[in-house]
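Printed here is start-v3.cif (mmCIF, C-alpha atoms and all ligand atoms):
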```cif
data_run
#
loop_
_atom_site.group_PDB
_atom_site.id
_atom_site.type_symbol
_atom_site.label_atom_id
_atom_site.label_comp_id
_atom_site.auth_asym_id
_atom_site.auth_seq_id
_atom_site.Cartn_x
_atom_site.Cartn_y
_atom_site.Cartn_z
ATOM 1 C CA MET A 79 0.000 0.000 0.000
ATOM 2 C CA ARG A 80 1.486 3.352 -1.053
ATOM 3 C CA GLN A 81 1.464 6.073 1.595
ATOM 4 C CA LYS A 82 0.087 9.487 0.664
ATOM 5 C CA LEU A 83 2.578 12.364 0.512
ATOM 6 C CA ILE A 84 1.834 16.084 0.525
ATOM 7 C CA VAL A 85 4.658 18.492 -0.340
ATOM 8 C CA GLY A 86 4.471 22.274 -0.097
ATOM 9 C CA ASN A 87 6.446 24.103 -2.768
ATOM 10 C CA TRP A 88 6.858 27.621 -1.425
ATOM 11 C CA LYS A 89 8.683 28.832 -4.549
ATOM 12 C CA MET A 90 10.306 32.278 -4.094
ATOM 13 C CA HIS A 91 7.776 33.566 -1.574
ATOM 14 C CA GLY A 92 8.043 34.929 1.916
ATOM 15 C CA SER A 93 10.573 36.494 4.217
ATOM 16 C CA ARG A 94 12.545 35.055 7.091
ATOM 17 C CA ALA A 95 9.810 36.230 9.452
ATOM 18 C CA SER A 96 6.911 34.880 7.398
ATOM 19 C CA VAL A 97 8.628 31.535 6.817
ATOM 20 C CA ASN A 98 9.190 31.140 10.556
ATOM 21 C CA ALA A 99 5.556 32.015 11.247
ATOM 22 C CA LEU A 100 4.268 29.593 8.609
ATOM 23 C CA ILE A 101 6.399 26.750 9.990
ATOM 24 C CA ALA A 102 5.173 27.468 13.512
ATOM 25 C CA ASP A 103 1.547 27.317 12.351
ATOM 26 C CA ILE A 104 2.046 24.078 10.403
ATOM 27 C CA ARG A 105 3.852 22.500 13.368
ATOM 28 C CA GLN A 106 1.045 23.434 15.661
ATOM 29 C CA GLY A 107 -1.612 21.850 13.465
ATOM 30 C CA ILE A 108 0.240 18.767 12.250
ATOM 31 C CA ALA A 109 -1.119 16.486 15.010
ATOM 32 C CA ILE A 110 -4.445 16.293 13.168
ATOM 33 C CA VAL A 111 -2.673 14.750 10.169
ATOM 34 C CA LYS A 112 -2.387 11.058 10.953
ATOM 35 C CA THR A 113 -1.300 8.798 8.121
ATOM 36 C CA THR A 114 0.035 11.193 5.500
ATOM 37 C CA GLN A 115 3.695 12.053 4.954
ATOM 38 C CA VAL A 116 4.174 15.830 4.898
ATOM 39 C CA ALA A 117 7.073 17.933 3.648
ATOM 40 C CA VAL A 118 7.782 21.574 2.852
ATOM 41 C CA CYS A 119 10.247 23.040 0.360
ATOM 42 C CA PRO A 120 11.126 26.601 1.382
ATOM 43 C CA PRO A 121 13.498 28.920 -0.490
ATOM 44 C CA VAL A 122 16.928 27.416 0.085
ATOM 45 C CA ILE A 123 18.279 30.318 2.126
ATOM 46 C CA PHE A 124 15.765 29.556 4.894
ATOM 47 C CA LEU A 125 16.734 25.873 5.208
ATOM 48 C CA GLY A 126 18.771 26.439 8.365
ATOM 49 C CA ASP A 127 15.810 28.052 10.110
ATOM 50 C CA VAL A 128 13.463 25.381 8.822
ATOM 51 C CA GLU A 129 15.748 22.586 9.996
ATOM 52 C CA ALA A 130 15.932 24.078 13.486
ATOM 53 C CA LEU A 131 12.149 24.409 13.659
ATOM 54 C CA LEU A 132 11.205 21.029 12.174
ATOM 55 C CA LYS A 133 13.846 18.673 13.584
ATOM 56 C CA GLY A 134 12.119 16.020 15.673
ATOM 57 C CA THR A 135 8.686 16.711 14.161
ATOM 58 C CA PRO A 136 6.933 14.427 11.654
ATOM 59 C CA ILE A 137 7.319 17.127 8.972
ATOM 60 C CA ALA A 138 10.167 16.657 6.504
ATOM 61 C CA TRP A 139 11.732 19.394 4.404
ATOM 62 C CA GLY A 140 13.482 19.745 1.100
ATOM 63 C CA ALA A 141 14.787 22.111 -1.551
ATOM 64 C CA GLN A 142 13.313 23.295 -4.836
ATOM 65 C CA ASN A 143 16.388 22.713 -6.968
ATOM 66 C CA LEU A 144 19.975 21.432 -6.888
ATOM 67 C CA CYS A 145 23.097 21.618 -9.035
ATOM 68 C CA ASP A 146 23.780 18.821 -11.505
ATOM 69 C CA GLN A 147 27.431 18.755 -10.395
ATOM 70 C CA PRO A 148 28.685 17.433 -7.032
ATOM 71 C CA SER A 149 30.910 20.441 -6.214
ATOM 72 C CA GLY A 150 33.268 22.925 -7.811
ATOM 73 C CA ALA A 151 33.350 26.288 -9.561
ATOM 74 C CA TYR A 152 29.607 26.708 -10.168
ATOM 75 C CA THR A 153 28.842 30.201 -8.937
ATOM 76 C CA GLY A 154 25.419 30.531 -7.413
ATOM 77 C CA GLU A 155 24.653 26.818 -7.308
ATOM 78 C CA ILE A 156 23.813 24.553 -4.342
ATOM 79 C CA SER A 157 24.964 20.943 -4.195
ATOM 80 C CA ALA A 158 23.070 17.831 -3.147
ATOM 81 C CA ASP A 159 25.493 17.239 -0.267
ATOM 82 C CA MET A 160 24.906 20.779 1.026
ATOM 83 C CA LEU A 161 21.178 20.101 1.048
ATOM 84 C CA ARG A 162 21.802 16.870 2.940
ATOM 85 C CA GLU A 163 23.848 18.780 5.478
ATOM 86 C CA PHE A 164 20.774 20.885 6.231
ATOM 87 C CA GLY A 165 18.684 17.778 6.790
ATOM 88 C CA CYS A 166 16.796 17.847 3.501
ATOM 89 C CA ARG A 167 14.931 14.650 2.691
ATOM 90 C CA TYR A 168 13.524 15.804 -0.636
ATOM 91 C CA VAL A 169 14.523 17.935 -3.595
ATOM 92 C CA ILE A 170 12.242 19.039 -6.437
ATOM 93 C CA VAL A 171 13.760 18.296 -9.839
ATOM 94 C CA GLY A 172 12.570 19.492 -13.235
ATOM 95 C CA HIS A 173 9.785 21.800 -12.105
ATOM 96 C CA SER A 174 8.130 23.366 -15.143
ATOM 97 C CA GLU A 175 9.148 26.855 -14.006
ATOM 98 C CA ARG A 176 12.784 25.773 -14.125
ATOM 99 C CA ARG A 177 12.271 24.099 -17.479
ATOM 100 C CA ALA A 178 10.513 27.139 -18.980
ATOM 101 C CA LEU A 179 12.284 30.080 -17.312
ATOM 102 C CA TYR A 180 15.796 28.707 -16.762
ATOM 103 C CA GLY A 181 16.157 26.495 -19.796
ATOM 104 C CA GLU A 182 16.409 23.170 -17.970
ATOM 105 C CA GLY A 183 16.057 20.376 -20.500
ATOM 106 C CA ASP A 184 15.461 16.666 -20.053
ATOM 107 C CA VAL A 185 19.157 15.771 -19.979
ATOM 108 C CA LEU A 186 20.030 18.312 -17.281
ATOM 109 C CA VAL A 187 17.009 17.222 -15.251
ATOM 110 C CA ALA A 188 18.104 13.585 -15.550
ATOM 111 C CA ARG A 189 21.587 14.486 -14.292
ATOM 112 C CA LYS A 190 20.106 16.333 -11.320
ATOM 113 C CA TYR A 191 17.859 13.369 -10.570
ATOM 114 C CA ALA A 192 20.812 10.980 -10.585
ATOM 115 C CA LEU A 193 22.901 13.168 -8.318
ATOM 116 C CA ALA A 194 20.043 13.616 -5.853
ATOM 117 C CA VAL A 195 19.619 9.850 -5.562
ATOM 118 C CA LYS A 196 23.370 9.338 -5.239
ATOM 119 C CA SER A 197 23.465 11.779 -2.324
ATOM 120 C CA GLY A 198 20.575 10.117 -0.521
ATOM 121 C CA LEU A 199 17.973 12.763 -1.318
ATOM 122 C CA ILE A 200 14.544 11.783 -2.604
ATOM 123 C CA PRO A 201 13.992 13.632 -5.881
ATOM 124 C CA ILE A 202 10.465 14.836 -6.581
ATOM 125 C CA PHE A 203 10.637 14.593 -10.335
ATOM 126 C CA CYS A 204 8.147 16.874 -12.129
ATOM 127 C CA VAL A 205 6.657 16.059 -15.505
ATOM 128 C CA GLY A 206 3.769 17.619 -17.379
ATOM 129 C CA GLU A 207 2.549 19.015 -20.652
ATOM 130 C CA LEU A 208 1.818 22.549 -21.864
ATOM 131 C CA LEU A 209 -1.735 23.519 -22.804
ATOM 132 C CA ALA A 210 -0.871 23.489 -26.517
ATOM 133 C CA GLU A 211 0.595 19.999 -26.150
ATOM 134 C CA ARG A 212 -2.578 18.736 -24.424
ATOM 135 C CA GLU A 213 -4.740 20.298 -27.100
ATOM 136 C CA ALA A 214 -2.628 18.657 -29.782
ATOM 137 C CA GLY A 215 -3.143 15.265 -28.113
ATOM 138 C CA GLN A 216 0.526 15.022 -27.123
ATOM 139 C CA THR A 217 0.164 14.719 -23.346
ATOM 140 C CA GLU A 218 1.324 11.123 -23.107
ATOM 141 C CA ALA A 219 4.133 11.616 -25.617
ATOM 142 C CA VAL A 220 5.503 14.589 -23.662
ATOM 143 C CA VAL A 221 5.274 12.857 -20.295
ATOM 144 C CA ALA A 222 6.842 9.705 -21.761
ATOM 145 C CA ARG A 223 9.770 11.713 -23.156
ATOM 146 C CA GLN A 224 10.371 13.434 -19.801
ATOM 147 C CA LEU A 225 10.118 10.148 -17.908
ATOM 148 C CA ASP A 226 12.331 8.250 -20.318
ATOM 149 C CA ALA A 227 15.112 10.814 -19.900
ATOM 150 C CA VAL A 228 15.505 9.687 -16.278
ATOM 151 C CA LEU A 229 14.860 6.007 -17.019
ATOM 152 C CA ASN A 230 17.507 5.982 -19.752
ATOM 153 C CA HIS A 231 20.029 7.919 -17.687
ATOM 154 C CA SER A 232 19.696 6.139 -14.349
ATOM 155 C CA GLY A 233 17.707 2.970 -14.947
ATOM 156 C CA VAL A 234 14.434 1.970 -13.373
ATOM 157 C CA THR A 235 15.963 1.246 -9.945
ATOM 158 C CA ALA A 236 16.547 4.997 -9.527
ATOM 159 C CA LEU A 237 12.759 5.451 -9.715
ATOM 160 C CA GLN A 238 12.501 3.326 -6.576
ATOM 161 C CA GLN A 239 14.284 6.101 -4.693
ATOM 162 C CA GLY A 240 12.234 8.968 -6.079
ATOM 163 C CA VAL A 241 8.753 10.425 -6.335
ATOM 164 C CA VAL A 242 7.116 11.565 -9.577
ATOM 165 C CA ALA A 243 4.890 14.656 -9.673
ATOM 166 C CA TYR A 244 2.523 15.055 -12.595
ATOM 167 C CA GLU A 245 1.987 18.783 -13.008
ATOM 168 C CA PRO A 246 0.147 19.842 -16.156
ATOM 169 C CA VAL A 247 1.739 23.222 -16.867
ATOM 170 C CA TRP A 248 -1.637 24.788 -17.729
ATOM 171 C CA ALA A 249 -2.864 23.994 -14.208
ATOM 172 C CA ILE A 250 0.052 25.525 -12.277
ATOM 173 C CA GLY A 251 -0.873 28.747 -10.527
ATOM 174 C CA THR A 252 -3.822 29.254 -12.874
ATOM 175 C CA GLY A 253 -6.686 28.069 -10.679
ATOM 176 C CA LYS A 254 -7.475 25.520 -13.431
ATOM 177 C CA THR A 255 -7.108 22.075 -11.888
ATOM 178 C CA ALA A 256 -7.063 18.963 -14.016
ATOM 179 C CA THR A 257 -10.209 16.975 -13.349
ATOM 180 C CA PRO A 258 -9.620 13.900 -11.173
ATOM 181 C CA GLU A 259 -10.229 11.783 -14.287
ATOM 182 C CA GLN A 260 -7.753 13.745 -16.437
ATOM 183 C CA ALA A 261 -5.103 13.458 -13.733
ATOM 184 C CA GLN A 262 -5.817 9.778 -13.058
ATOM 185 C CA GLN A 263 -5.392 8.952 -16.724
ATOM 186 C CA VAL A 264 -1.876 10.419 -16.838
ATOM 187 C CA HIS A 265 -0.924 8.964 -13.443
ATOM 188 C CA ALA A 266 -1.946 5.500 -14.634
ATOM 189 C CA PHE A 267 0.068 6.059 -17.817
ATOM 190 C CA ILE A 268 3.171 6.992 -15.789
ATOM 191 C CA ARG A 269 2.817 3.993 -13.506
ATOM 192 C CA GLU A 270 2.335 1.650 -16.429
ATOM 193 C CA ARG A 271 5.387 3.033 -18.235
ATOM 194 C CA VAL A 272 7.591 2.451 -15.179
ATOM 195 C CA ALA A 273 5.980 -0.948 -14.539
ATOM 196 C CA ARG A 274 6.983 -2.039 -18.031
ATOM 197 C CA HIS A 275 10.580 -1.908 -16.788
ATOM 198 C CA ASP A 276 9.824 -3.301 -13.324
ATOM 199 C CA ALA A 277 6.344 -4.210 -12.101
ATOM 200 C CA THR A 278 7.198 -3.911 -8.402
ATOM 201 C CA ILE A 279 8.792 -0.483 -8.769
ATOM 202 C CA GLY A 280 5.837 0.709 -10.852
ATOM 203 C CA ALA A 281 3.347 -0.502 -8.262
ATOM 204 C CA GLY A 282 5.254 1.121 -5.396
ATOM 205 C CA LEU A 283 5.979 4.490 -7.064
ATOM 206 C CA GLN A 284 4.447 7.517 -5.329
ATOM 207 C CA ILE A 285 2.934 9.762 -8.019
ATOM 208 C CA LEU A 286 1.805 13.187 -6.827
ATOM 209 C CA TYR A 287 -0.521 15.546 -8.646
ATOM 210 C CA GLY A 288 0.300 19.259 -8.770
ATOM 211 C CA GLY A 289 -1.512 22.232 -10.263
ATOM 212 C CA SER A 290 -3.961 24.440 -8.369
ATOM 213 C CA VAL A 291 -4.656 21.891 -5.633
ATOM 214 C CA LYS A 292 -6.581 23.456 -2.774
ATOM 215 C CA ALA A 293 -8.564 22.197 0.194
ATOM 216 C CA ALA A 294 -11.762 22.369 -1.842
ATOM 217 C CA ASN A 295 -10.600 19.997 -4.609
ATOM 218 C CA ALA A 296 -7.972 17.872 -2.812
ATOM 219 C CA ALA A 297 -10.158 15.009 -1.587
ATOM 220 C CA GLU A 298 -11.622 14.176 -5.006
ATOM 221 C CA LEU A 299 -8.153 14.134 -6.572
ATOM 222 C CA PHE A 300 -6.618 11.997 -3.805
ATOM 223 C CA ARG A 301 -9.454 9.495 -4.079
ATOM 224 C CA MET A 302 -8.232 8.396 -7.517
ATOM 225 C CA PRO A 303 -6.381 5.068 -7.442
ATOM 226 C CA ASP A 304 -3.065 6.295 -8.892
ATOM 227 C CA ILE A 305 -2.880 9.708 -7.201
ATOM 228 C CA ASP A 306 -0.701 9.356 -4.115
ATOM 229 C CA GLY A 307 -0.773 12.920 -2.858
ATOM 230 C CA GLY A 308 0.067 16.375 -4.082
ATOM 231 C CA LEU A 309 2.729 18.960 -4.799
ATOM 232 C CA ILE A 310 1.113 22.142 -3.576
ATOM 233 C CA GLY A 311 2.185 25.639 -4.615
ATOM 234 C CA GLY A 312 0.012 28.637 -3.764
ATOM 235 C CA ALA A 313 -2.191 26.843 -1.242
ATOM 236 C CA SER A 314 0.837 25.670 0.762
ATOM 237 C CA LEU A 315 1.582 29.255 1.840
ATOM 238 C CA ASN A 316 -1.478 29.248 4.068
ATOM 239 C CA ALA A 317 -1.146 26.900 7.062
ATOM 240 C CA VAL A 318 -4.889 26.303 7.483
ATOM 241 C CA GLU A 319 -5.334 25.523 3.793
ATOM 242 C CA PHE A 320 -2.200 23.351 3.640
ATOM 243 C CA LEU A 321 -3.188 21.329 6.717
ATOM 244 C CA ALA A 322 -6.673 20.824 5.293
ATOM 245 C CA ILE A 323 -5.085 19.418 2.119
ATOM 246 C CA CYS A 324 -2.918 17.103 4.255
ATOM 247 C CA GLN A 325 -6.020 15.946 6.085
ATOM 248 C CA ALA A 326 -7.853 15.335 2.824
ATOM 249 C CA ALA A 327 -5.122 12.872 1.899
ATOM 250 C CA GLY A 328 -5.520 10.888 5.113
HETATM 251 P P1 LIG A 401 0.136 25.684 -7.680
HETATM 252 O O1 LIG A 401 1.640 25.229 -7.973
HETATM 253 O O2 LIG A 401 -0.404 24.749 -6.616
HETATM 254 O O3 LIG A 401 0.236 27.094 -7.201
HETATM 255 O O4 LIG A 401 -0.621 25.552 -8.951
HETATM 256 C C1 LIG A 401 2.008 23.878 -8.003
HETATM 257 C C2 LIG A 401 3.494 23.759 -8.326
HETATM 258 O O5 LIG A 401 4.010 24.565 -9.086
HETATM 259 O O6 LIG A 401 4.181 22.861 -7.809
#
```
For the structure just supplied, provide its representation as C-alpha cells.
Ligand code: PGA
Amino acid sequence: MRQKLIVGNWKMHGSRASVNALIADIRQGIAIVKTTQVAVCPPVIFLGDVEALLKGTPIAWGAQNLCDQPSGAYTGEISADMLREFGCRYVIVGHSERRALYGEGDVLVARKYALAVKSGLIPIFCVGELLAEREAGQTEAVVARQLDAVLNHSGVTALQQGVVAYEPVWAIGTGKTATPEQAQQVHAFIRERVARHDATIGAGLQILYGGSVKAANAAELFRMPDIDGGLIGGASLNAVEFLAICQAAG
C-alpha cells in the first residue's frame, strides 16, 4: 500500500519572518494529520531556520532545486550534499518553471535526478505538458519523453528512490485544476510506463498531482487510485489551507 505524501512548494515567496511564522503554524496543526507524509520546500536560504524548527517533528523538508554537479566552480549553485547537510529529505527536480524560465532540459534534469539519488535525497521529479501539447493530443508523448530521460540515464531502480509529480503546466498557478479523471489517466500512464521496466517499482511508485490543488478539490483528486498525494504551490503558503489538504489525503 502506497502512503500518501503532501509536499508544499513555497517557490520564491516569503521572508525570514513569514517563513518562521508559517512553519510554527504548520507544526502546531500537524497532530491532526495522521497517516500522510508531509514535507515543505522553502526557499533554500531559509533551510537552516526550517531545519531548526522542524527537527524532531513528523514534517520533513526539502529544496526546490539542486546543481547537476557534485561540487566545484559553479557560482550561485547549491549541491546535493549541502542540502543533505541541512537535513533535507527531498529535492524538487525538473519543475516546469525551471524548465521554462531557466532552460532546464530533459538531460540536465536527468543528471540532477541521478545526483540527488546518489546523495541520498529523494527527488520529486516533475513532468507535465503545456496547454498546446494537451490540445494537440501530445500529453502522453511529452510525459513519456520526460520520464524516459531519467529512465535511460539512471535505470528503473533509480525510480525506486524517487517520487514523480505530474503537473500539467496549464494547471500551475492558474486556478485551473485537471479533473480527477484527467489526472488519473496520466498517473496510470506513468505507472504503467515504469511498470513495463519493473512491475514492483511501478506498483510502489508515489505519483503526486500538482496544479492548483486546494482544500476544496484535494479530496476528489486523492481518491483516484493512482494519485498518491500532491505537490502544492500557492495553497501551501497558508497553514490552514495546507493542513486541510494534508487531512484530505488521510
Ligand atoms: P500551484 O503550484 O499549486 O500554485 O498551482 C504547483 C506547483 O508549481 O508545484
Distance query stretch 115-126 of chain A at most 9 Å, all atoms listed in the file, self and fewer than 5 positions along chain excluded, as a PDB file with C-alpha atoms, keeping the file's coordinate frame:
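After the write, selection02.pdb holds the following:
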```pdb
ATOM      1  CA  GLN A  81       1.464   6.073   1.595  1.00  0.00           C
ATOM      2  CA  LYS A  82       0.087   9.487   0.664  1.00  0.00           C
ATOM      3  CA  LEU A  83       2.578  12.364   0.512  1.00  0.00           C
ATOM      4  CA  ILE A  84       1.834  16.084   0.525  1.00  0.00           C
ATOM      5  CA  VAL A  85       4.658  18.492  -0.340  1.00  0.00           C
ATOM      6  CA  GLY A  86       4.471  22.274  -0.097  1.00  0.00           C
ATOM      7  CA  ASN A  87       6.446  24.103  -2.768  1.00  0.00           C
ATOM      8  CA  TRP A  88       6.858  27.621  -1.425  1.00  0.00           C
ATOM      9  CA  LYS A  89       8.683  28.832  -4.549  1.00  0.00           C
ATOM     10  CA  MET A  90      10.306  32.278  -4.094  1.00  0.00           C
ATOM     11  CA  HIS A  91       7.776  33.566  -1.574  1.00  0.00           C
ATOM     12  CA  GLY A  92       8.043  34.929   1.916  1.00  0.00           C
ATOM     13  CA  SER A  93      10.573  36.494   4.217  1.00  0.00           C
ATOM     14  CA  ARG A  94      12.545  35.055   7.091  1.00  0.00           C
ATOM     15  CA  VAL A  97       8.628  31.535   6.817  1.00  0.00           C
ATOM     16  CA  ASN A  98       9.190  31.140  10.556  1.00  0.00           C
ATOM     17  CA  ILE A 101       6.399  26.750   9.990  1.00  0.00           C
ATOM     18  CA  ILE A 108       0.240  18.767  12.250  1.00  0.00           C
ATOM     19  CA  LEU A 131      12.149  24.409  13.659  1.00  0.00           C
ATOM     20  CA  PRO A 136       6.933  14.427  11.654  1.00  0.00           C
ATOM     21  CA  ILE A 137       7.319  17.127   8.972  1.00  0.00           C
ATOM     22  CA  ALA A 138      10.167  16.657   6.504  1.00  0.00           C
ATOM     23  CA  TRP A 139      11.732  19.394   4.404  1.00  0.00           C
ATOM     24  CA  GLY A 140      13.482  19.745   1.100  1.00  0.00           C
ATOM     25  CA  ALA A 141      14.787  22.111  -1.551  1.00  0.00           C
ATOM     26  CA  GLN A 142      13.313  23.295  -4.836  1.00  0.00           C
ATOM     27  CA  ASN A 143      16.388  22.713  -6.968  1.00  0.00           C
ATOM     28  CA  ILE A 156      23.813  24.553  -4.342  1.00  0.00           C
ATOM     29  CA  LEU A 161      21.178  20.101   1.048  1.00  0.00           C
ATOM     30  CA  PHE A 164      20.774  20.885   6.231  1.00  0.00           C
ATOM     31  CA  GLY A 165      18.684  17.778   6.790  1.00  0.00           C
ATOM     32  CA  CYS A 166      16.796  17.847   3.501  1.00  0.00           C
ATOM     33  CA  ARG A 167      14.931  14.650   2.691  1.00  0.00           C
ATOM     34  CA  TYR A 168      13.524  15.804  -0.636  1.00  0.00           C
ATOM     35  CA  VAL A 169      14.523  17.935  -3.595  1.00  0.00           C
ATOM     36  CA  ILE A 170      12.242  19.039  -6.437  1.00  0.00           C
ATOM     37  CA  SER A 314       0.837  25.670   0.762  1.00  0.00           C
ATOM     38  CA  CYS A 324      -2.918  17.103   4.255  1.00  0.00           C
TER      39      CYS A 324
END
```
Need to verify the contact set: stretch 286-288 of chain A, 8 Å, all atoms listed in the file, exclusion of same-chain residues closer than 4 positions in sequence. Can you return it as a compact mmCIF listing (two decimals) with C-alpha atoms, in the frame of the given file?
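Written out: around-v4.txt:
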```txt
# COMPACT_ATOMS: atom_id res chain seq x y z
CA LEU A 83 2.58 12.36 0.51
CA ILE A 84 1.83 16.08 0.52
CA VAL A 241 8.75 10.42 -6.34
CA VAL A 242 7.12 11.56 -9.58
CA ALA A 243 4.89 14.66 -9.67
CA TYR A 244 2.52 15.06 -12.60
CA GLU A 245 1.99 18.78 -13.01
CA PRO A 246 0.15 19.84 -16.16
CA ALA A 249 -2.86 23.99 -14.21
CA ILE A 250 0.05 25.52 -12.28
CA ALA A 261 -5.10 13.46 -13.73
CA ILE A 305 -2.88 9.71 -7.20
CA ASP A 306 -0.70 9.36 -4.12
CA GLY A 307 -0.77 12.92 -2.86
CA GLY A 308 0.07 16.38 -4.08
CA LEU A 309 2.73 18.96 -4.80
CA ILE A 310 1.11 22.14 -3.58
CA GLY A 311 2.18 25.64 -4.62
```
With the file shown as input, list the residues that the PyMOL selection byres (((chain A and resi 158) around 9) and not hetatm) selects, as a compact mmCIF listing (two decimals) with C-alpha atoms, keeping the file's coordinate frame.
```
# COMPACT_ATOMS: atom_id res chain seq x y z
CA LEU A 144 19.98 21.43 -6.89
CA CYS A 145 23.10 21.62 -9.04
CA ASP A 146 23.78 18.82 -11.50
CA GLN A 147 27.43 18.76 -10.40
CA PRO A 148 28.68 17.43 -7.03
CA SER A 149 30.91 20.44 -6.21
CA ILE A 156 23.81 24.55 -4.34
CA SER A 157 24.96 20.94 -4.20
CA ASP A 159 25.49 17.24 -0.27
CA MET A 160 24.91 20.78 1.03
CA LEU A 161 21.18 20.10 1.05
CA ARG A 162 21.80 16.87 2.94
CA GLU A 163 23.85 18.78 5.48
CA VAL A 169 14.52 17.93 -3.60
CA LYS A 190 20.11 16.33 -11.32
CA LEU A 193 22.90 13.17 -8.32
CA ALA A 194 20.04 13.62 -5.85
CA LYS A 196 23.37 9.34 -5.24
CA SER A 197 23.46 11.78 -2.32
CA GLY A 198 20.58 10.12 -0.52
CA LEU A 199 17.97 12.76 -1.32
```
Tell me, as a ChimeraX atom specification, which residues lie within 12 Å of A:Met79, counting only C-alpha atoms; anything in the same chain fewer than 2 positions away does not count.
/A:81-82,278,281-284,303-304,306
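When atom CA of A:Pro258 is paired with atom CA of A:Leu299, their separation reads 4.8 Å.
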Can you tell me how far atom CA of A:Gln262 sits from atom CA of A:Glu319, in Å to one decimal?
23.1 Å
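Closest approach to A:Asp276 from the set A:Gln224, A:Thr135, A:Gln238, A:Ser96 is made by A:Gln238, with distances taken over only C-alpha atoms.
Of the listed residues (A:Arg301, A:His231, A:Arg177, A:Arg105), A:Arg177 comes nearest to ligand LIG 401 (chain A); the distances count all atoms listed in the file.
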Kindly output stretch 201-206 of chain A as a short mmCIF file (atom, residue, chain, number, x, y, z; two decimals), in the coordinates of the input, after building all heavy atoms.
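File written: part.cif
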```
data_model
loop_
_atom_site.label_atom_id
_atom_site.label_comp_id
_atom_site.auth_asym_id
_atom_site.auth_seq_id
_atom_site.Cartn_x
_atom_site.Cartn_y
_atom_site.Cartn_z
N PRO A 201 14.43 12.64 -4.90
CA PRO A 201 13.99 13.63 -5.88
C PRO A 201 12.48 13.57 -6.10
O PRO A 201 11.91 12.48 -6.17
CB PRO A 201 14.74 13.24 -7.16
CG PRO A 201 15.20 11.85 -6.96
CD PRO A 201 15.22 11.56 -5.50
N ILE A 202 11.87 14.73 -6.17
CA ILE A 202 10.46 14.84 -6.58
C ILE A 202 10.52 15.33 -8.02
O ILE A 202 10.76 16.50 -8.30
CB ILE A 202 9.70 15.82 -5.67
CG1 ILE A 202 9.72 15.33 -4.22
CG2 ILE A 202 8.25 15.98 -6.16
CD1 ILE A 202 9.21 16.35 -3.21
N PHE A 203 10.35 14.40 -8.91
CA PHE A 203 10.64 14.59 -10.34
C PHE A 203 9.36 15.03 -11.06
O PHE A 203 8.40 14.28 -11.15
CB PHE A 203 11.18 13.26 -10.87
CG PHE A 203 11.29 13.13 -12.35
CD1 PHE A 203 11.68 14.18 -13.15
CD2 PHE A 203 11.01 11.91 -12.95
CE1 PHE A 203 11.78 14.04 -14.52
CE2 PHE A 203 11.11 11.75 -14.32
CZ PHE A 203 11.49 12.82 -15.10
N CYS A 204 9.36 16.29 -11.54
CA CYS A 204 8.15 16.87 -12.13
C CYS A 204 8.09 16.63 -13.63
O CYS A 204 9.07 16.85 -14.35
CB CYS A 204 8.12 18.38 -11.89
SG CYS A 204 8.15 18.82 -10.14
N VAL A 205 6.93 16.20 -14.08
CA VAL A 205 6.66 16.06 -15.50
C VAL A 205 5.30 16.70 -15.79
O VAL A 205 4.50 16.88 -14.88
CB VAL A 205 6.64 14.56 -15.93
CG1 VAL A 205 7.98 13.90 -15.71
CG2 VAL A 205 5.54 13.79 -15.19
N GLY A 206 5.08 17.05 -17.04
CA GLY A 206 3.77 17.62 -17.38
C GLY A 206 3.81 18.36 -18.70
O GLY A 206 4.86 18.84 -19.13
#
```
